[in-house]
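Participant: The structure file data.tsv (TSV, C-alpha atoms) is provided below.
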chain	number	residue	atom	x	y	z
A	199	MET	CA	20.39	28.19	5.47
A	200	ASP	CA	20.56	26.54	8.91
A	201	PHE	CA	23.85	25.98	10.69
A	202	GLU	CA	24.11	22.25	10.01
A	203	THR	CA	23.60	22.74	6.28
A	204	GLU	CA	26.18	25.51	6.26
A	205	ARG	CA	28.64	23.31	8.17
A	206	GLN	CA	28.25	20.46	5.70
A	207	GLN	CA	28.84	22.78	2.74
A	208	THR	CA	31.88	24.49	4.24
A	209	PRO	CA	35.41	23.36	3.32
A	210	GLY	CA	37.04	21.67	6.30
A	211	ALA	CA	33.65	20.68	7.72
A	212	GLY	CA	34.76	17.04	7.95
A	213	PHE	CA	36.31	17.75	11.34
A	214	SER	CA	34.42	16.72	14.46
A	215	PRO	CA	32.21	19.53	15.82
A	216	TRP	CA	33.96	18.91	19.16
A	217	ARG	CA	37.49	19.21	17.75
A	218	LEU	CA	37.96	22.53	19.52
A	219	SER	CA	35.71	24.33	22.00
A	220	VAL	CA	35.67	27.03	24.67
A	221	ALA	CA	34.50	25.79	28.04
A	222	PRO	CA	31.31	26.88	29.78
A	223	MET	CA	32.45	29.26	32.54
A	224	MET	CA	30.12	30.78	35.10
A	225	ASP	CA	29.87	34.59	34.96
A	226	TRP	CA	32.14	34.63	31.92
A	227	THR	CA	30.82	32.90	28.80
A	228	ASP	CA	27.68	34.96	28.37
A	229	ARG	CA	26.40	36.11	24.98
A	230	HIS	CA	28.73	39.14	24.94
A	231	CYS	CA	31.79	37.00	25.61
A	232	ARG	CA	30.75	34.52	22.94
A	233	TYR	CA	30.27	37.32	20.40
A	234	LEU	CA	33.83	38.49	21.06
A	235	HIS	CA	35.21	34.98	20.70
A	236	ARG	CA	33.36	34.54	17.43
A	237	LEU	CA	35.22	37.56	16.01
A	238	ILE	CA	38.46	35.63	16.57
A	239	THR	CA	37.48	32.06	15.68
A	240	ARG	CA	34.62	31.02	13.44
A	241	ARG	CA	34.69	27.24	13.83
A	242	THR	CA	35.39	26.71	17.54
A	243	LEU	CA	32.35	25.43	19.42
A	244	LEU	CA	31.19	27.86	22.11
A	245	TYR	CA	29.30	26.96	25.29
A	246	THR	CA	26.96	29.01	27.42
A	247	GLU	CA	27.40	29.39	31.11
A	248	MET	CA	25.70	26.59	33.00
A	249	VAL	CA	21.97	27.31	33.29
A	250	THR	CA	19.95	25.39	35.86
A	251	THR	CA	16.71	23.70	34.91
A	252	GLY	CA	14.94	25.67	37.62
A	253	ALA	CA	16.09	28.98	36.16
A	254	LEU	CA	14.74	28.01	32.75
A	255	LEU	CA	11.47	26.46	33.85
A	256	HIS	CA	10.57	29.11	36.43
A	257	GLY	CA	12.56	32.17	35.38
A	258	ASP	CA	13.12	34.51	32.46
A	259	GLN	CA	13.80	32.14	29.59
A	260	GLY	CA	14.75	34.85	27.15
A	261	ARG	CA	17.37	36.29	29.48
A	262	HIS	CA	19.01	32.89	29.82
A	263	LEU	CA	18.58	31.59	26.29
A	264	ASP	CA	18.72	34.49	23.82
A	265	PHE	CA	21.91	34.67	21.78
A	266	ASN	CA	23.26	36.32	18.65
A	267	ALA	CA	22.98	34.38	15.41
A	268	GLU	CA	26.69	34.98	14.83
A	269	GLU	CA	27.51	32.75	17.80
A	270	HIS	CA	26.84	29.47	15.99
A	271	PRO	CA	27.99	26.82	16.64
A	272	VAL	CA	26.81	27.31	20.22
A	273	ALA	CA	25.82	24.77	22.87
A	274	LEU	CA	23.60	25.17	25.92
A	275	GLN	CA	24.95	23.66	29.13
A	276	LEU	CA	22.33	22.58	31.65
A	277	GLY	CA	22.58	21.91	35.36
A	278	GLY	CA	20.01	19.55	36.78
A	279	SER	CA	19.25	15.99	37.85
A	280	GLU	CA	15.53	15.50	37.18
A	281	PRO	CA	15.02	13.70	33.86
A	282	GLU	CA	11.66	15.34	33.14
A	283	ASP	CA	13.00	18.83	33.85
A	284	LEU	CA	16.08	18.25	31.72
A	285	ALA	CA	13.90	16.93	28.90
A	286	ALA	CA	11.77	20.08	29.03
A	287	CYS	CA	14.90	22.25	28.92
A	288	ALA	CA	16.33	20.23	26.03
A	289	ARG	CA	13.17	21.02	24.08
A	290	LEU	CA	13.70	24.70	24.89
A	291	ALA	CA	17.28	24.48	23.62
A	292	GLU	CA	16.06	23.13	20.30
A	293	ARG	CA	13.29	25.71	20.08
A	294	TRP	CA	15.79	28.52	20.67
A	295	GLY	CA	18.11	27.20	17.95
A	296	TYR	CA	21.08	25.83	19.88
A	297	ASP	CA	23.33	23.30	18.19
A	298	GLU	CA	23.82	21.02	21.20
A	299	VAL	CA	22.65	20.51	24.77
A	300	ASN	CA	25.23	19.52	27.40
A	301	LEU	CA	24.70	18.11	30.89
A	302	ASN	CA	27.02	19.38	33.62
A	303	CYS	CA	28.47	16.52	35.67
A	304	GLY	CA	31.66	18.31	36.60
A	305	CYS	CA	30.97	21.41	38.69
A	306	PRO	CA	32.11	20.85	42.29
A	307	SER	CA	30.68	23.96	44.00
A	308	GLU	CA	28.72	23.47	47.21
A	309	ARG	CA	25.80	25.45	45.80
A	310	VAL	CA	25.56	23.07	42.87
A	311	GLN	CA	25.89	20.07	45.16
A	312	ARG	CA	22.96	21.32	47.22
A	313	GLY	CA	20.96	21.20	44.00
A	314	ALA	CA	22.05	17.55	43.62
A	315	PHE	CA	23.77	18.04	40.28
A	316	GLY	CA	27.20	18.81	38.89
A	317	ALA	CA	30.14	16.59	39.83
A	318	CYS	CA	28.21	14.73	42.54
A	319	LEU	CA	26.19	13.11	39.73
A	320	MET	CA	29.23	11.02	38.86
A	321	ALA	CA	28.39	8.91	41.92
A	322	GLU	CA	25.02	8.09	40.28
A	323	PRO	CA	25.79	7.02	36.71
A	324	GLN	CA	22.41	5.34	36.27
A	325	LEU	CA	20.63	8.59	37.14
A	326	VAL	CA	22.80	10.41	34.59
A	327	ALA	CA	21.90	7.73	32.06
A	328	ASP	CA	18.20	8.30	32.80
A	329	CYS	CA	18.70	12.05	32.34
A	330	VAL	CA	20.48	11.55	29.03
A	331	ARG	CA	17.83	9.15	27.78
A	332	ALA	CA	15.05	11.61	28.64
A	333	MET	CA	16.86	14.46	26.91
A	334	ARG	CA	17.54	12.40	23.81
A	335	ASP	CA	13.88	11.44	23.63
A	336	ALA	CA	12.93	15.12	23.84
A	337	THR	CA	15.21	16.60	21.18
A	338	THR	CA	17.03	15.85	17.95
A	339	LEU	CA	20.03	17.88	19.16
A	340	PRO	CA	23.21	16.10	20.23
A	341	VAL	CA	23.10	15.44	23.97
A	342	THR	CA	26.58	15.50	25.51
A	343	VAL	CA	28.03	15.18	29.00
A	344	LYS	CA	30.87	17.12	30.63
A	345	HIS	CA	32.40	15.43	33.66
A	346	ARG	CA	35.54	14.85	35.73
A	347	ILE	CA	37.77	11.77	35.91
A	348	GLY	CA	36.69	11.13	39.48
A	349	ILE	CA	35.31	12.61	42.68
A	350	ASP	CA	37.00	13.13	46.02
A	351	ARG	CA	39.69	10.49	46.63
A	352	ILE	CA	38.35	8.05	44.05
A	353	GLU	CA	41.24	7.95	41.61
A	354	SER	CA	40.78	4.58	39.93
A	355	TYR	CA	40.28	4.49	36.19
A	356	ALA	CA	37.52	1.91	36.73
A	357	PHE	CA	35.29	4.61	38.27
A	358	VAL	CA	35.28	6.94	35.27
A	359	CYS	CA	35.24	4.01	32.86
A	360	ASP	CA	32.07	2.65	34.49
A	361	PHE	CA	30.50	6.12	34.43
A	362	VAL	CA	31.16	6.58	30.71
A	363	GLY	CA	30.04	3.06	29.87
A	364	THR	CA	26.77	3.41	31.77
A	365	VAL	CA	25.91	6.80	30.28
A	366	ALA	CA	26.95	5.71	26.77
A	367	ALA	CA	24.50	2.81	27.02
A	368	ALA	CA	21.74	5.44	27.31
A	369	GLY	CA	22.76	6.90	23.95
A	370	CYS	CA	25.30	9.58	24.84
A	371	GLU	CA	28.01	9.61	22.19
A	372	VAL	CA	30.09	12.64	23.25
A	373	PHE	CA	31.96	13.01	26.54
A	374	ILE	CA	34.00	16.09	27.48
A	375	VAL	CA	36.35	15.09	30.25
A	376	HIS	CA	37.99	17.52	32.66
A	377	ALA	CA	41.14	15.58	33.45
A	378	ARG	CA	41.08	16.27	37.20
A	379	ASN	CA	39.15	14.83	40.10
A	380	ALA	CA	36.49	17.03	41.69
A	381	TRP	CA	36.90	17.27	45.44
A	382	LEU	CA	33.41	17.82	46.79
A	383	GLN	CA	34.63	18.83	50.24
A	384	GLY	CA	37.51	21.02	51.31
A	385	LEU	CA	38.29	22.84	48.06
A	386	SER	CA	36.72	25.90	46.46
A	387	PRO	CA	35.71	25.78	42.78
A	388	LYS	CA	38.86	27.77	41.99
A	389	GLU	CA	41.04	25.32	43.92
A	390	ASN	CA	39.27	22.44	42.18
A	391	ARG	CA	40.58	23.83	38.88
A	392	GLU	CA	44.16	23.92	40.16
A	393	ILE	CA	44.96	21.51	43.01
A	394	PRO	CA	43.78	18.04	41.92
A	395	PRO	CA	46.46	16.81	39.52
A	396	LEU	CA	45.81	16.63	35.80
A	397	ARG	CA	45.76	13.06	34.49
A	398	TYR	CA	45.45	13.26	30.74
A	399	GLU	CA	46.40	9.61	30.44
A	400	LEU	CA	43.02	8.57	31.84
A	401	VAL	CA	41.22	10.52	29.12
A	402	ALA	CA	43.43	8.90	26.48
A	403	GLN	CA	42.58	5.49	27.98
A	404	LEU	CA	38.87	6.28	27.68
A	405	LYS	CA	39.36	6.89	23.96
A	406	ARG	CA	41.19	3.60	23.58
A	407	ASP	CA	38.49	1.71	25.47
A	408	PHE	CA	35.57	3.49	23.76
A	409	PRO	CA	36.83	4.12	20.22
A	410	HIS	CA	33.29	4.56	18.91
A	411	LEU	CA	32.64	7.51	21.23
A	412	THR	CA	33.76	11.12	20.81
A	413	ILE	CA	36.09	11.92	23.70
A	414	ALA	CA	37.31	15.49	24.27
A	415	VAL	CA	39.76	16.58	26.96
A	416	ASN	CA	39.56	19.68	29.15
A	417	GLY	CA	41.82	21.12	31.83
A	418	GLY	CA	45.02	23.15	31.92
A	419	LEU	CA	45.63	23.32	28.17
A	420	LYS	CA	46.92	26.66	26.88
A	421	THR	CA	49.08	26.64	23.78
A	422	ALA	CA	48.32	25.58	20.23
A	423	ASP	CA	51.10	22.98	20.45
A	424	GLU	CA	49.52	21.50	23.60
A	425	ILE	CA	46.18	21.36	21.80
A	426	ALA	CA	47.75	19.65	18.79
A	427	ALA	CA	49.43	17.05	21.01
A	428	GLN	CA	46.09	16.14	22.59
A	429	LEU	CA	44.32	15.98	19.23
A	430	ALA	CA	46.73	13.24	18.25
A	431	VAL	CA	45.26	11.14	21.08
A	432	VAL	CA	41.61	12.18	21.56
A	433	ASP	CA	38.87	13.66	19.38
A	434	GLY	CA	38.68	17.15	20.81
A	435	VAL	CA	40.10	19.76	23.15
A	436	MET	CA	38.15	22.19	25.31
A	437	VAL	CA	40.02	25.30	26.49
A	438	GLY	CA	38.77	27.37	29.38
A	439	ARG	CA	40.52	30.17	31.26
A	440	GLU	CA	43.26	30.67	28.67
A	441	ALA	CA	40.71	31.44	25.97
A	442	TYR	CA	38.98	33.93	28.25
A	443	HIS	CA	42.00	35.77	29.65
A	444	GLU	CA	44.01	35.63	26.41
A	445	PRO	CA	41.40	35.80	23.64
A	446	TRP	CA	43.97	36.51	20.92
A	447	SER	CA	45.48	33.08	21.65
A	448	MET	CA	42.59	31.73	19.52
A	449	ALA	CA	43.51	33.88	16.51
A	450	ARG	CA	45.02	31.08	14.41
A	451	TRP	CA	42.88	28.20	15.54
A	452	ASP	CA	40.68	28.09	12.43
A	453	SER	CA	43.60	27.84	10.02
A	454	ARG	CA	45.66	25.43	12.11
A	455	PHE	CA	42.95	23.10	13.38
A	456	PHE	CA	40.19	23.38	10.76
A	457	GLY	CA	42.10	24.29	7.60
A	458	GLN	CA	39.98	27.40	7.09
A	459	PRO	CA	40.76	31.13	6.90
A	460	ASP	CA	41.00	32.96	10.20
A	461	PRO	CA	38.31	35.64	10.55
A	462	ALA	CA	40.69	38.34	11.82
A	463	GLU	CA	44.20	39.21	10.71
A	464	SER	CA	44.93	41.60	13.56
A	465	ARG	CA	43.85	42.70	17.01
A	466	GLU	CA	42.93	46.05	15.50
A	467	GLN	CA	40.43	44.31	13.23
A	468	VAL	CA	38.87	42.51	16.19
A	469	GLU	CA	38.74	45.70	18.22
A	470	GLU	CA	36.97	47.58	15.43
A	471	ALA	CA	34.33	44.86	15.05
A	472	TRP	CA	33.93	44.72	18.82
A	473	LEU	CA	33.45	48.47	18.98
A	474	ALA	CA	30.66	48.18	16.43
A	475	TYR	CA	29.02	45.68	18.77
A	476	LEU	CA	29.43	48.00	21.77
A	477	ASP	CA	28.00	50.85	19.69
A	478	ARG	CA	24.86	48.80	19.07
A	479	LEU	CA	24.49	48.10	22.78
A	480	HIS	CA	24.95	51.78	23.58
A	481	ALA	CA	22.45	52.85	20.91
A	482	THR	CA	19.75	50.70	22.49
A	483	GLY	CA	20.41	52.11	25.96
A	484	GLN	CA	22.26	49.09	27.25
A	485	GLY	CA	25.38	49.62	29.31
A	486	TRP	CA	28.44	48.56	27.34
A	487	SER	CA	30.86	48.26	30.29
A	488	TYR	CA	29.47	44.89	31.38
A	489	ALA	CA	30.22	43.47	27.94
A	490	MET	CA	33.59	45.21	27.68
A	491	ARG	CA	35.00	43.31	30.66
A	492	HIS	CA	35.28	40.24	28.44
A	493	ALA	CA	37.64	42.02	26.03
A	494	LEU	CA	40.13	43.44	28.52
A	495	GLY	CA	42.69	40.78	27.62
A	496	LEU	CA	42.66	41.51	23.88
A	497	TRP	CA	45.99	43.36	23.86
A	498	ASN	CA	47.70	41.29	26.56
A	499	GLY	CA	51.37	40.73	25.92
A	500	THR	CA	51.84	43.86	23.83
A	501	PRO	CA	53.36	47.24	24.80
A	502	GLY	CA	50.73	49.61	26.16
A	503	ALA	CA	48.22	46.87	26.97
A	504	ARG	CA	48.07	47.81	30.63
A	505	ARG	CA	47.30	51.46	29.83
A	506	TRP	CA	44.62	50.37	27.38
A	507	ARG	CA	42.98	48.20	30.04
A	508	GLN	CA	43.13	50.99	32.59
A	509	VAL	CA	41.17	53.35	30.37
A	510	TRP	CA	38.48	50.79	29.57
A	511	SER	CA	38.25	49.86	33.28
A	512	ASP	CA	37.75	53.46	34.42
A	513	HIS	CA	34.19	53.50	35.76
A	514	ARG	CA	34.02	57.25	35.39
A	515	LEU	CA	33.94	56.74	31.60
A	516	LYS	CA	31.22	54.10	31.39
A	517	THR	CA	28.47	56.59	30.51
A	518	LEU	CA	30.42	57.89	27.49
A	519	PRO	CA	29.92	56.50	23.98
A	520	PRO	CA	32.23	53.49	23.45
A	521	ARG	CA	33.97	55.20	20.51
A	522	GLU	CA	35.04	58.05	22.71
A	523	VAL	CA	36.47	55.71	25.31
A	524	ALA	CA	38.15	53.70	22.55
A	525	GLY	CA	39.92	56.80	21.31
A	526	ARG	CA	41.34	57.45	24.76
A	527	ALA	CA	42.30	53.81	25.22
A	528	THR	CA	44.09	53.60	21.89
A	529	ALA	CA	45.96	56.83	22.60
A	530	ALA	CA	47.06	55.41	25.96
A	531	ARG	CA	48.15	52.15	24.36
A	532	LEU	CA	50.13	53.89	21.63
A	533	SER	CA	51.83	56.10	24.20
A	534	GLY	CA	52.90	52.94	25.99
A	535	LEU	CA	54.12	51.57	22.69
A	536	ALA	CA	56.20	54.70	22.16
A	537	VAL	CA	57.71	54.37	25.63
A	538	ALA	CA	58.58	50.74	24.99
A	539	ALA	CA	60.26	51.68	21.72
Let's see the structure in the file written out as structure tokens.
Facilitator:
Amino acid sequence: MDFETERQQTPGAGFSPWRLSVAPMMDWTDRHCRYLHRLITRRTLLYTEMVTTGALLHGDQGRHLDFNAEEHPVALQLGGSEPEDLAACARLAERWGYDEVNLNCGCPSERVQRGAFGACLMAEPQLVADCVRAMRDATTLPVTVKHRIGIDRIESYAFVCDFVGTVAAAGCEVFIVHARNAWLQGLSPKENREIPPLRYELVAQLKRDFPHLTIAVNGGLKTADEIAAQLAVVDGVMVGREAYHEPWSMARWDSRFFGQPDPAESREQVEEAWLAYLDRLHATGQGWSYAMRHALGLWNGTPGARRWRQVWSDHRLKTLPPREVAGRATAARLSGLAVAA
């Protein structure tokens, strides 16, 4: 049974596929990270890191595109600005079995700007429309766009409204809006996620002006109550750093936002399933420590969490079987629990 058929036959499947998602984050949301997140939430849409068209067309496609079947629903985010190249990559996304292909129009890094894509594309809405049209012609997958509310000092609503209207005319029906401007000069990517003010009201206005489109909001959202408040206004919420650093914060998302059972009742249950995954990596000769970095926040906020992280972060242990390291980490965490008691 393919994913779409399964989704249609699953209770609670009437919700928008974009109701809740984890943002594409460079160096973070790789296949290992997404596998961990899937142990905690079954229905949340997961995104890959941004992959450039050049990397796919001229590099190791398998390394960039392979993923675990358990990761569905999973979307491929592309970085590029050449319609023909993006069309070719959209075909690859469908061939590999992704559920969606997303165009990055929000990344402000200088490296991305030099490639003439990312947030700078917001200044060329007709080019983005051409890219979307080419991608839609190349695949039956949903083609979506992730973008900012503005670039540099352009803070007028008319700018982002014109961008959405132009791209929607090319057939894009889903827009994921980071509710900050992207400053293309003078701020690092990290500062671009923190310094430009959040303006959720502009995203809400987009939904009012384009009621037929799916509009999801991204940026600064952390708690389930904050998510719920936004879902009363727009169609979806995308969470980024909070989901990565505090993975257990997603533990009740399926029941609260999709009306479905949560896949894990406890952190212990997640850790056991994660260890089984690390065991498989270790058995095939792959280093497990690179994957483990994504799970270091699992016990955050509980007594002994710091000791647990310290054991897993000890590079002297990375050649040991994961189960052996897990035993030491759990013992350290429980000793911290005893001290706290």
Participant: Could you tell me how far CA of Cys305 in chain A lies from CA of His270 in chain A, in Å and to one decimal?
Facilitator: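 Those two atoms sit 24.4 Å apart.
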Participant: Kindly give the distance, in Å, that separates CA of Asp452 in chain A and CA of Arg241 in chain A, rounded to a single decimal.
Facilitator: 6.2 Å
Participant: Using CA of Leu473 in chain A and CA of Gln458 in chain A as the two end points, give the distance in Å to one decimal.
Facilitator: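 Separation between CA of Leu473 in chain A and CA of Gln458 in chain A: 25.1 Å.
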Participant: Hey, which of A:Ile352, A:Ala317, A:Ala524, A:Leu276 ends up closest to Asp512 in chain A? Count only C-alpha atoms.
Facilitator: A:Ala524
Participant: Could you list, as a list in words, every residue within 9 Å of Pro394 in chain A, counting all atoms listed in the file and ignoring same-chain residues fewer than 3 positions away?
Facilitator: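 Skipping anything fewer than 3 positions along the chain leaves Arg378, Asn379, Ala380, Trp381, Glu389, Asn390 and Arg391 of chain A.
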Participant: Point out the residue among A:Leu254, A:Ala503, A:Leu339, A:Leu518 with the least atom-to-atom distance to Leu476 in chain A, counting only C-alpha atoms.
Facilitator: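 Closest to Leu476 in chain A, using only C-alpha atoms: A:Leu518.
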Participant: May I ask which of the residues A:Leu218, A:Cys231, A:Val343, A:Ala327 is the closest one to Gly277 in chain A, counting all atoms listed in the file?
Facilitator: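 Ranked by minimum distance to Gly277 in chain A, first place goes to A:Val343.
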Participant: So that I can see what lies close to range 439-444 of chain A, please list as a count of residues only the residues with an atom at most 8 Å from it, counting all atoms listed in the file and leaving out residues fewer than 4 positions away in the same chain.
Facilitator: 10
Participant: Write out as a list in words the residues lying within 9 Å of Arg504 in chain A, counting all atoms listed in the file and excluding same-chain residues fewer than 5 positions away.
Facilitator: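 Residues meeting the cut-off are Trp497, Asn498, Val509, Ala530, Arg531 and Gly534 of chain A.
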Participant: Which is closest to Gln403 in chain A among A:Ala367, A:Ile349, A:Cys359, A:Ile374, if we use all atoms listed in the file?
Facilitator: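 Closest to Gln403 in chain A of all the choices is A:Cys359.
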Participant: Go through A:Asn300, A:Gly252, A:Val358, A:Pro445 one by one, measure the shortest atom-to-atom distance of each to Cys329 in chain A using all atoms listed in the file, and give the residue with the smallest value.
Facilitator: A:Asn300
Participant: When distances are computed from all atoms listed in the file, which of A:Ala414, A:Val341, A:Arg505, A:Pro520 shows the smallest separation from Ser533 in chain A?
Facilitator: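 Looking at the shortest contact to Ser533 in chain A, the residue is A:Arg505.
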Participant: Taking only all heavy atoms, show range 427-436 of chain A of the given structure as a CSV table (one decimal), in the first residue's frame.
Facilitator:
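Output saved as decode-v9.csv:
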chain,number,residue,atom,x,y,z
A,427,ALA,N,-2.8,28.0,18.6
A,427,ALA,CA,-3.3,29.3,18.4
A,427,ALA,C,-3.1,29.7,16.9
A,427,ALA,O,-4.0,30.3,16.3
A,427,ALA,CB,-2.5,30.3,19.3
A,428,GLN,N,-2.0,29.3,16.3
A,428,GLN,CA,-1.8,29.6,14.9
A,428,GLN,C,-2.7,28.7,14.0
A,428,GLN,O,-3.2,29.2,13.0
A,428,GLN,CB,-0.3,29.3,14.5
A,428,GLN,CG,0.7,30.3,15.1
A,428,GLN,CD,0.4,31.7,14.5
A,428,GLN,OE1,0.1,31.9,13.4
A,428,GLN,NE2,0.6,32.7,15.4
A,429,LEU,N,-3.0,27.5,14.4
A,429,LEU,CA,-3.9,26.7,13.6
A,429,LEU,C,-5.3,27.2,13.5
A,429,LEU,O,-6.1,26.8,12.7
A,429,LEU,CB,-3.8,25.2,14.1
A,429,LEU,CG,-2.6,24.5,13.8
A,429,LEU,CD1,-2.6,23.1,14.4
A,429,LEU,CD2,-2.3,24.3,12.3
A,430,ALA,N,-5.6,28.1,14.4
A,430,ALA,CA,-7.0,28.7,14.4
A,430,ALA,C,-7.0,29.8,13.3
A,430,ALA,O,-8.1,30.3,13.0
A,430,ALA,CB,-7.3,29.3,15.8
A,431,VAL,N,-5.8,30.2,12.8
A,431,VAL,CA,-5.8,31.3,11.9
A,431,VAL,C,-5.3,30.8,10.5
A,431,VAL,O,-5.8,31.3,9.5
A,431,VAL,CB,-4.8,32.4,12.4
A,431,VAL,CG1,-4.7,33.5,11.4
A,431,VAL,CG2,-5.2,32.8,13.8
A,432,VAL,N,-4.3,29.9,10.4
A,432,VAL,CA,-3.8,29.5,9.2
A,432,VAL,C,-3.9,27.9,9.1
A,432,VAL,O,-4.4,27.3,10.0
A,432,VAL,CB,-2.3,29.9,9.0
A,432,VAL,CG1,-2.2,31.4,8.9
A,432,VAL,CG2,-1.4,29.3,10.2
A,433,ASP,N,-3.5,27.4,7.9
A,433,ASP,CA,-3.7,25.9,7.7
A,433,ASP,C,-2.7,25.0,8.3
A,433,ASP,O,-3.0,23.8,8.5
A,433,ASP,CB,-3.7,25.7,6.2
A,433,ASP,CG,-4.8,26.5,5.5
A,433,ASP,OD1,-6.0,26.3,5.8
A,433,ASP,OD2,-4.4,27.3,4.6
A,434,GLY,N,-1.5,25.5,8.6
A,434,GLY,CA,-0.5,24.7,9.1
A,434,GLY,C,0.6,25.4,9.9
A,434,GLY,O,0.7,26.6,9.8
A,435,VAL,N,1.4,24.7,10.6
A,435,VAL,CA,2.5,25.2,11.4
A,435,VAL,C,3.7,24.4,11.2
A,435,VAL,O,3.7,23.1,11.2
A,435,VAL,CB,2.2,25.2,12.9
A,435,VAL,CG1,3.4,25.6,13.7
A,435,VAL,CG2,1.0,26.2,13.2
A,436,MET,N,4.8,25.0,10.9
A,436,MET,CA,6.1,24.3,10.7
A,436,MET,C,7.0,24.7,11.9
A,436,MET,O,7.2,25.9,12.2
A,436,MET,CB,6.8,24.7,9.4
A,436,MET,CG,8.2,24.2,9.2
A,436,MET,SD,9.0,24.6,7.6
A,436,MET,CE,8.2,23.4,6.6
